[in-house]
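As stored in run_26.txt (compact mmCIF, C-alpha atoms and all ligand atoms):
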# COMPACT_ATOMS: atom_id res chain seq x y z
CA MET A 1 98.68 92.50 75.70
CA LYS A 2 98.23 96.04 74.56
CA MET A 3 101.19 98.35 75.00
CA VAL A 4 100.22 101.85 75.94
CA MET A 5 101.98 105.15 76.38
CA CYS A 6 101.98 107.29 79.50
CA ARG A 7 98.94 109.41 78.61
CA GLU A 8 96.77 106.31 78.27
CA ALA A 9 98.31 104.78 81.41
CA THR A 10 97.29 107.85 83.42
CA ARG A 11 93.74 107.46 82.11
CA LEU A 12 93.66 103.91 83.45
CA MET A 13 95.17 104.83 86.82
CA SER A 14 92.61 107.58 87.17
CA LYS A 15 89.70 105.38 86.15
CA ARG A 16 90.80 102.71 88.59
CA LEU A 17 90.06 105.10 91.46
CA ASP A 18 86.46 105.48 90.33
CA SER A 19 85.50 102.11 88.93
CA PRO A 20 86.99 98.62 88.72
CA LEU A 21 89.15 98.00 85.66
CA GLY A 22 88.65 95.06 83.32
CA ILE A 23 91.27 92.31 83.30
CA GLN A 24 92.78 93.58 80.08
CA GLU A 25 93.00 97.11 81.44
CA LYS A 26 94.53 95.90 84.68
CA MET A 27 97.25 93.95 82.88
CA THR A 28 97.98 96.84 80.57
CA LEU A 29 98.36 99.23 83.48
CA LYS A 30 100.41 96.85 85.57
CA PHE A 31 102.78 96.24 82.71
CA HIS A 32 103.23 99.93 82.03
CA LEU A 33 103.79 100.78 85.69
CA ALA A 34 106.45 98.09 85.96
CA MET A 35 108.39 99.77 83.18
CA CYS A 36 107.79 103.45 83.72
CA GLY A 37 109.11 105.28 86.76
CA ALA A 38 107.34 108.54 85.93
CA CYS A 39 103.94 106.86 85.76
CA LYS A 40 104.69 105.01 88.97
CA GLN A 41 105.11 108.39 90.64
CA CYS A 42 101.99 109.72 88.97
CA ASN A 43 100.04 106.74 90.25
CA LYS A 44 101.22 107.46 93.80
CA GLN A 45 100.20 111.08 93.40
CA PHE A 46 96.72 110.17 92.16
CA GLN A 47 96.31 107.86 95.13
CA LEU A 48 97.43 110.54 97.53
CA MET A 49 94.92 112.99 96.08
CA HIS A 50 92.30 110.27 96.35
CA GLU A 51 93.04 110.00 100.06
CA ALA A 52 93.09 113.75 100.55
CA GLY A 53 89.38 113.96 101.25
CA ARG A 54 89.49 111.36 103.95
CA ALA A 55 92.59 113.00 105.41
CA LEU A 56 90.87 116.39 105.49
CA GLU A 57 87.83 114.87 107.10
CA SER A 58 89.74 113.01 109.76
CA GLN A 59 91.74 116.14 110.56
CA ALA A 60 88.51 118.08 110.79
CA THR A 61 86.80 115.56 113.00
CA ILE A 62 89.45 115.06 115.64
CA PRO A 63 87.66 116.09 118.83
CA SER A 64 88.93 119.46 119.91
CA SER A 65 91.85 118.93 122.21
CA ASP A 66 92.52 122.51 123.27
CA THR A 67 90.86 122.13 126.62
CA ASP A 68 91.87 118.62 127.62
CA ASP A 69 95.36 117.72 128.79
CA GLY A 70 96.59 116.77 125.37
CA THR A 71 98.15 113.62 126.74
CA ASP A 72 96.22 111.06 124.74
CA ASP A 73 96.33 112.67 121.34
CA THR A 74 98.72 110.33 119.62
CA PRO A 75 97.07 108.91 116.51
CA MET B 1 92.49 107.75 132.23
CA VAL B 2 90.93 108.15 128.82
CA GLU B 3 87.31 109.11 129.04
CA SER B 4 84.99 108.75 126.09
CA LEU B 5 84.69 112.20 124.60
CA ASP B 6 81.47 111.35 122.90
CA SER B 7 79.34 109.97 125.62
CA ALA B 8 75.94 111.52 125.28
CA ARG B 9 76.20 112.91 128.80
CA ASP B 10 79.00 115.36 127.91
CA LEU B 11 76.93 116.72 125.09
CA ASP B 12 73.80 117.22 127.15
CA SER B 13 75.27 120.48 128.25
CA PRO B 14 74.61 123.22 125.67
CA GLY B 15 77.82 124.94 126.71
CA GLU B 16 79.87 121.87 125.91
CA ARG B 17 78.13 121.41 122.59
CA GLN B 18 78.75 124.99 121.69
CA ARG B 19 82.43 124.70 122.56
CA ARG B 20 82.86 121.60 120.43
CA LEU B 21 81.02 123.20 117.50
CA GLU B 22 83.03 126.41 117.72
CA ALA B 23 86.25 124.41 117.80
CA ILE B 24 85.45 122.56 114.59
CA ARG B 25 84.08 125.58 112.71
CA PRO B 26 87.33 126.69 110.98
CA ARG B 27 87.87 123.25 109.50
CA LEU B 28 84.29 122.98 108.34
CA LEU B 29 84.66 126.37 106.72
CA ALA B 30 87.84 125.38 104.92
CA PHE B 31 86.14 122.25 103.62
CA ALA B 32 83.00 124.07 102.48
CA ARG B 33 85.07 126.72 100.70
CA LEU B 34 86.98 124.13 98.74
CA GLN B 35 83.73 122.58 97.68
CA LEU B 36 81.53 125.61 96.98
CA ARG B 37 84.24 128.01 95.75
CA ASP B 38 82.34 130.92 97.20
CA ALA B 39 83.28 132.28 100.62
CA SER B 40 79.92 133.73 101.59
CA GLU B 41 78.00 130.65 100.49
CA ALA B 42 80.44 128.54 102.49
CA ASP B 43 79.83 130.74 105.53
CA ASP B 44 76.08 130.27 105.20
CA VAL B 45 76.28 126.54 104.77
CA VAL B 46 78.55 126.08 107.78
CA GLN B 47 76.32 128.29 109.88
CA GLU B 48 73.29 126.22 108.90
CA ALA B 49 75.10 122.98 109.64
CA LEU B 50 76.16 124.19 113.09
CA ILE B 51 72.65 125.32 113.93
CA THR B 52 71.19 122.03 112.74
CA ALA B 53 73.74 120.09 114.78
CA PHE B 54 72.97 122.17 117.86
CA GLU B 55 69.21 121.87 117.55
CA LYS B 56 69.05 118.24 116.52
CA ASN B 57 71.38 117.09 119.22
CA ALA B 58 68.96 114.34 120.18
CA ASP B 59 69.61 112.72 116.77
CA PHE B 60 73.24 112.17 117.65
CA ALA B 61 73.30 108.53 118.58
CA GLY B 62 76.95 108.30 119.55
CA ARG B 63 77.63 105.67 116.94
CA SER B 64 80.28 107.85 115.37
CA GLY B 65 82.31 110.61 116.91
CA TYR B 66 80.43 113.83 117.50
CA GLU B 67 82.57 115.79 115.02
CA THR B 68 82.10 113.11 112.39
CA TRP B 69 78.36 113.42 112.85
CA VAL B 70 78.53 117.20 112.43
CA PHE B 71 80.66 116.72 109.34
CA GLY B 72 77.99 114.49 107.86
CA ILE B 73 75.42 117.22 108.38
CA LEU B 74 77.72 119.68 106.64
CA LYS B 75 78.13 117.36 103.65
CA ASN B 76 74.38 117.19 103.18
CA LYS B 77 74.10 120.96 103.38
CA ILE B 78 76.89 121.32 100.82
CA LEU B 79 75.09 118.98 98.47
CA ASP B 80 71.90 121.05 98.83
CA ALA B 81 73.88 124.20 98.10
CA LEU B 82 75.48 122.62 95.04
CA ARG B 83 72.06 121.69 93.71
CA ALA B 84 70.90 125.24 94.27
CA GLN B 85 73.98 126.53 92.42
CA LYS B 86 73.12 124.28 89.54
CA ARG B 87 69.49 125.45 89.46
CA ARG B 88 70.68 129.04 89.35
CA GLY B 89 72.69 128.17 86.26
CA LYS B 90 76.00 128.69 88.01
CA TRP B 91 77.46 125.55 86.47
CA GLN B 92 79.23 126.22 83.23
CA PRO B 93 79.18 123.99 80.17
CA TRP B 94 81.59 121.09 80.29
CA ASP B 95 83.59 121.37 77.12
CA ASP B 96 86.68 123.42 77.47
CA ASP B 97 89.44 123.41 74.89
CA GLY B 98 91.74 125.39 77.17
CA VAL B 99 91.69 122.63 79.75
CA GLU B 100 92.33 120.01 77.15
CA ALA B 101 95.33 121.95 75.90
CA ALA B 102 96.73 122.39 79.41
CA VAL B 103 96.49 118.66 79.98
CA GLU B 104 98.04 117.84 76.62
CA ARG B 105 101.01 120.07 77.35
CA GLN B 106 102.18 117.50 79.88
CA PHE B 107 102.64 114.91 77.14
CA GLN B 108 104.62 114.55 73.94
CA ALA B 109 102.81 113.75 70.72
CA THR B 110 103.81 110.11 71.19
CA GLY B 111 101.93 109.98 74.51
CA ARG B 112 105.06 109.97 76.66
CA TRP B 113 105.52 112.52 79.42
CA GLN B 114 107.19 115.76 78.45
CA ASN B 115 110.55 115.89 80.19
CA ILE B 116 109.63 118.94 82.25
CA ALA B 117 106.29 117.41 83.25
CA ARG B 118 107.57 114.02 84.38
CA PRO B 119 106.11 113.28 87.82
CA ARG B 120 108.62 113.22 90.66
CA SER B 121 108.46 111.83 94.15
CA TRP B 122 106.55 113.88 96.72
CA GLY B 123 108.16 112.08 99.62
CA ASP B 124 106.38 110.08 102.24
CA PRO B 125 102.60 110.29 101.67
CA GLU B 126 101.83 110.39 105.37
CA ASP B 127 104.20 113.31 105.95
CA THR B 128 102.73 115.06 102.94
CA LEU B 129 99.13 114.74 104.08
CA THR B 130 99.91 115.94 107.58
CA SER B 131 101.91 118.94 106.42
CA GLU B 132 100.14 122.24 106.85
CA ARG B 133 102.09 123.65 103.96
CA PHE B 134 100.88 120.91 101.67
CA TRP B 135 97.31 121.91 102.43
CA GLN B 136 98.11 125.54 101.66
CA VAL B 137 99.44 124.46 98.27
CA PHE B 138 96.41 122.21 97.83
CA ASP B 139 94.11 125.13 98.56
CA SER B 140 95.69 127.43 96.01
CA CYS B 141 95.82 124.68 93.39
CA MET B 142 92.13 123.98 93.90
CA ILE B 143 91.38 127.66 93.38
CA ALA B 144 93.41 127.61 90.18
CA LEU B 145 91.46 124.63 88.82
CA PRO B 146 88.64 125.52 86.39
CA ASP B 147 85.28 125.62 88.22
CA ASN B 148 83.55 122.81 86.40
CA ILE B 149 86.47 120.43 86.85
CA ALA B 150 87.02 121.37 90.48
CA ARG B 151 83.36 120.76 91.24
CA ILE B 152 83.41 117.20 89.89
CA PHE B 153 86.78 116.53 91.50
CA THR B 154 85.70 117.69 94.94
CA MET B 155 82.39 115.83 94.74
CA ARG B 156 84.39 112.69 94.06
CA GLU B 157 87.49 113.14 96.22
CA LEU B 158 86.30 115.33 99.08
CA MET B 159 82.66 114.41 99.41
CA GLY B 160 83.26 110.80 98.43
CA LEU B 161 80.33 110.53 96.02
CA SER B 162 80.45 107.73 93.47
CA THR B 163 80.79 108.68 89.81
CA ARG B 164 77.25 107.41 89.31
CA GLN B 165 75.91 109.82 91.94
CA ILE B 166 77.95 112.62 90.40
CA CYS B 167 76.44 111.91 86.98
CA GLU B 168 72.99 112.30 88.42
CA GLU B 169 73.83 115.53 90.22
CA ALA B 170 75.66 117.04 87.30
CA GLY B 171 73.52 115.60 84.55
CA ILE B 172 76.43 114.11 82.63
CA LYS B 173 77.32 110.63 81.44
CA GLU B 174 79.58 108.47 83.57
CA ASN B 175 82.12 108.27 80.81
CA ASN B 176 82.25 112.04 80.72
CA CYS B 177 82.75 112.06 84.46
CA TRP B 178 85.82 109.82 84.15
CA VAL B 179 87.26 112.10 81.49
CA ILE B 180 86.77 115.14 83.69
CA LEU B 181 88.30 113.40 86.72
CA HIS B 182 91.27 112.28 84.65
CA ARG B 183 91.91 115.85 83.48
CA GLY B 184 91.35 117.23 86.95
CA ARG B 185 93.83 114.83 88.52
CA LEU B 186 96.46 115.60 85.88
CA LEU B 187 96.05 119.34 86.29
CA LEU B 188 96.02 119.16 90.05
CA ARG B 189 99.05 116.90 90.28
CA ALA B 190 101.04 119.25 88.06
CA CYS B 191 100.11 122.22 90.21
CA LEU B 192 100.70 120.42 93.50
CA GLU B 193 104.07 119.16 92.39
CA LYS B 194 105.16 122.61 91.36
CA GLY B 195 104.13 124.17 94.65
CA TRP B 196 105.05 121.37 96.97
CA LEU B 197 108.50 120.57 95.56
CA ALA B 198 109.44 124.16 94.78
CA GLU B 199 109.53 125.08 98.43
CA ALA B 200 110.93 121.75 99.55
CA ASP B 201 113.88 122.26 97.19
CA SER B 202 114.71 125.74 98.34
ZN ZN A 301 104.52 106.04 81.67
Output the file's structure as structure tokens, nothing else.
Amino acid sequence: MKMVMCREATRLMSKRLDSPLGIQEKMTLKFHLAMCGACKQCNKQFQLMHEAGRALESQATIPSSDTDDGTDDTP
Amino acid sequence: MVESLDSARDLDSPGERQRRLEAIRPRLLAFARLQLRDASEADDVVQEALITAFEKNADFAGRSGYETWVFGILKNKILDALRAQKRRGKWQPWDDDGVEAAVERQFQATGRWQNIARPRSWGDPEDTLTSERFWQVFDSCMIALPDNIARIFTMRELMGLSTRQICEEAGIKENNCWVILHRGRLLLRACLEKGWLAEADS
């Protein structure tokens, strides 16, 4: 297996959000993440940013509740 | 009793439609601004989307929520506006040494994180994404991002286009797209972390 440094690991964790990784790439990333706390955090941050769009959209598309009773708004 | 908010009957009334559209307008505007990076263009696009939604009400089939349907209309209008921006030559060239340098500053020559740039925990993701303050930080970090990178990033992460679609729109290779997204994510995460944790610490 190829050992990579953090910069390369971030490239893989970014690419993974846009396109499936090859087996080799997956193993490389998994191995690095298991050993590197900073990259583990970075991976979480990339994933959160990846979800940001959907979060924005779901916040934007909640039916307006200002005129109903607001009793059934729990997500 | 919970009534279905999106039954077609509610929306038959123009007054009700108008109320629902007015209520969602600020959020549509915020979204369009992030994407188009131009307040007056965002205003126009949202206005057009609201008019289209109002006039084409019969097209709303009730399969999704009403607001989700309106949002879909907005996304199409944004895409049209982006294409128009591109035709007007508003999209800058892609290569940017300054960006590269800013990204590289996060790493040591060996490829390890610089100590000061090491990513830290942002806390519970759900709390983060529902925090109004996080979105304020997000907003200002998006503004700080270079135009060409922000455009690709938002097409991918806010509009949800695939990198293949983005390549076609932007006229770049997919590989290039991944490089830009990688840089964008690294720049954005650095900015978000600074803003988000700075205030949380104080
Ligand atoms: Zn690492």
Considering only C-alpha atoms, return as a PyMOL selection string whatever protein or nucleic-acid residues lie within 12 Å of Gln59 (chain A), sequence-local ones (same chain, fewer than 4 positions apart) excluded.
(chain A and resi 52-55+63-65+75) or (chain B and resi 24+26-28+30-31+67-68+71+129-132+135)
Env. residues ligand ZN 301 (chain A) / 6 Å / all atoms listed in the file / as a list of chain:residue names:
A:Met5, A:Cys6, A:Cys36, A:Ala38, A:Cys39
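Distance annotation: of B:Gln35, B:Ser40, B:Thr52, B:Ser140, the residue with the minimal separation from chain A is B:Gln35; atom set is all atoms listed in the file.
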Give the centre and edge lengths of an axis-aligned box, in Å to one decimal, that holds all listed atoms of region 75-87 of chain B with 4 Å on each side, as JSON.
{"center_x": 73.8, "center_y": 121.9, "center_z": 96.6, "size_x": 16.6, "size_y": 17.3, "size_z": 22.2}
Take the point (100.9, 111.2, 76.5) as written in the file and pick out every residue within 9 Å of it, counting all atoms listed in the file; give the list as a VMD selection string.
(chain A and resid 5 to 10) or (chain B and resid 104 to 114)
Using only C-alpha atoms: which of B:Asn148, B:Lys56, B:Asn76, B:Trp69 has the shortest distance to Trp91 (chain B):
B:Asn148
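Minimum distance to Lys40 (chain A) across B:Leu158, B:Arg118, B:Trp196, B:Val137 (counting only C-alpha atoms) occurs at B:Arg118.
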Computed interatomic separation between CA of Arg133 (chain B) and CA of Ala198 (chain B) (Å)
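Computing it gives 11.8 Å between the two atoms.
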Just checking: using all atoms listed in the file, which residue out of B:Arg151, B:Lys173, B:Arg19, B:Arg183 ends up closest to Asp38 (chain B)?
B:Arg151
Pick out the closest residue to Phe46 (chain A) from this set: B:Asn115, B:Arg88, B:Leu187, B:Arg63. Count all atoms listed in the file.
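Once distances to Phe46 (chain A) are computed over all atoms listed in the file, the minimum belongs to B:Leu187.
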